[in-house]
Amino acid sequence: MKRGRLPLTALRSFEAAGRHLSFSRAAEELFVSQAAISRQVRELEETIGRPLFTRLHRKVELTEIGRRLLAQLTRSFDEIDQRLSEVLASPAQSVLKVSVEPFFASGWLLPRLVRFREQRPDIDVVVDVNGRLVEFRNHDAELAIRFGAKTTSWPRVQAEHLFAGTYTALVSPALLSAGPPLSGPADLLRYTLLHDEGRDGWVQWLNAAGVPAGAAERGPMFPDGALGIQAGILGQGVVLGDSVVNSEAIRLGQLVQPFDIEVEYGAYFLIAPDFGKLSEPAGAFAAWLHSEIATQLDERLRPKQPRPRASSRSGRSRPPQRRR
């Protein structure tokens, strides 16, 4: 018999009557009349062409065919009930879409997203890599993470400060070991300098380090900070990057920070239409994000081991227009 023609109602009535050996008790269990149970069982017997019960005075007994069918139905219905109970007991899966700028997504969020997954396995985070400001009215992202060189607020949305941005020189250990030794920031000019769309970043960093800025006019340029960082990891030159955003690459030894000079530039913000109206998944992600960043910043304040190479520290400078 094809599945689409299975007499499911009749099978359920027969299974209850056979399990209780009583049409009246089956009717009580299924909240129907005894006559309905009797009619369903009779129709099932007509369908298969064999009796399922031997009807005696004031009781019924299963036939051999009835016992075999009952054993299969009871086992199948029990398994269905168990699976449905498991589904109902498990929490519903939530989907949260977060819009993130490319360099922050690859450098900071992606290496840590597994930690949020461990805390909230019931929330699937969809990362929308997008550098444009989100129009939440026409966009299904509920949260956004954005960098502002000078901007601290955006129209029609709310912004929460995450952390101040800085940039510093970063270089791969392989390139550093194969290249000229570094005794001071000026020695970086003996390496290839990697730039984003403008060269202001290196000019300001070298000025902060006390190095003539005119020497920073050469070197490859990349339209996106994430590409520049990747080129730095591949040993194509020295790149400017945020030590917080790129902390995972530094921790893994993909990049090293040869000097302690960090130049301030803007800040990172969490953005939403209204933080007071966030969904529970969005609120949980926002709380995790703030906690994760606070923990990282606290770790940065702990005393560091002295660097084997000479280092230099200088003051802060005005923020540039570009960032990583």
# chains A, B, ... in the order shown; residues from 1 in each chain; ligands from 1
>>> residues_around(residues="stretch 25-38 of chain A", least_positions_apart="2", cutoff="12 Å", atoms="only C-alpha atoms", output="number ranges by chain")
A: 9-23, 40-45, 52-53, 55, 59-60
>>> atom_distance(atom1="atom CA of A:Ala178", atom2="atom CA of A:Ile250")
18.5 Å
>>> select_by_dssp(residues="stretch 142-301 of chain A", states="helix (DSSP H, G or I)", output="compact mmCIF listing (two decimals) with C-alpha atoms, in the first residue's frame")
# COMPACT_ATOMS: atom_id res chain seq x y z
CA PRO A 173 58.35 36.99 11.45
CA ALA A 174 59.67 35.31 8.29
CA LEU A 175 60.22 38.65 6.55
CA LEU A 176 61.75 40.12 9.69
CA SER A 177 64.23 37.27 10.09
CA ALA A 178 65.24 37.41 6.41
CA PRO A 185 61.75 52.76 13.43
CA ALA A 186 63.84 54.34 10.64
CA ASP A 187 65.09 50.85 9.71
CA LEU A 188 61.57 50.00 8.48
CA LEU A 189 62.31 52.19 5.46
CA ARG A 190 64.67 49.44 4.30
CA ASP A 200 48.74 59.25 5.06
CA GLY A 201 48.93 56.35 7.50
CA TRP A 202 52.63 55.70 7.09
CA VAL A 203 53.38 59.43 6.94
CA GLN A 204 51.72 60.01 10.32
CA TRP A 205 53.20 56.87 11.91
CA LEU A 206 56.73 57.81 10.80
CA ASN A 207 56.22 61.37 12.03
CA ALA A 208 55.14 59.99 15.41
CA ALA A 213 57.88 61.19 6.38
CA GLY A 214 58.99 61.82 2.82
CA ALA A 215 60.48 58.35 2.65
CA ALA A 216 57.01 56.74 2.76
CA GLY A 225 42.66 47.08 4.90
CA ALA A 226 42.02 43.32 5.07
CA LEU A 227 43.96 42.81 1.84
CA GLY A 228 46.89 44.84 3.17
CA ILE A 229 46.99 42.74 6.35
CA GLN A 230 46.92 39.55 4.30
CA ALA A 231 49.81 40.84 2.18
CA GLY A 232 51.70 41.57 5.38
CA ILE A 233 51.10 38.03 6.67
CA SER A 247 45.51 40.59 17.89
CA GLU A 248 44.76 37.02 16.81
CA ALA A 249 47.29 37.21 13.97
CA ILE A 250 49.81 38.60 16.47
CA ARG A 251 48.99 35.88 19.01
CA PHE A 275 19.23 49.12 21.48
CA GLY A 276 16.17 49.12 23.72
CA LYS A 277 14.23 47.05 21.16
CA GLU A 280 16.93 38.37 22.53
CA PRO A 281 19.57 36.90 20.13
CA ALA A 282 20.78 40.38 19.18
CA GLY A 283 20.94 41.43 22.82
CA ALA A 284 22.93 38.30 23.69
CA PHE A 285 25.40 38.97 20.86
CA ALA A 286 25.81 42.63 21.87
CA ALA A 287 26.51 41.64 25.49
CA TRP A 288 29.04 39.00 24.38
CA LEU A 289 30.76 41.50 22.06
CA HIS A 290 31.22 44.09 24.83
CA SER A 291 32.44 41.39 27.25
CA GLU A 292 34.91 39.94 24.75
CA ILE A 293 36.39 43.35 23.95
CA ALA A 294 36.61 44.33 27.64
CA THR A 295 38.50 41.12 28.39
CA GLN A 296 40.92 41.75 25.55
CA LEU A 297 41.56 45.34 26.58
CA ASP A 298 42.17 44.25 30.18
CA GLU A 299 44.75 41.75 28.97
CA ARG A 300 46.54 44.48 27.05
>>> atom_distance(atom1="atom CA of A:Ala267", atom2="atom CA of A:Ala149")
6.5 Å
>>> closest_residue(among="A:Val129, A:Leu56, A:Ile123, A:Leu70", to="A:Leu110", atoms="only C-alpha atoms")
A:Val129
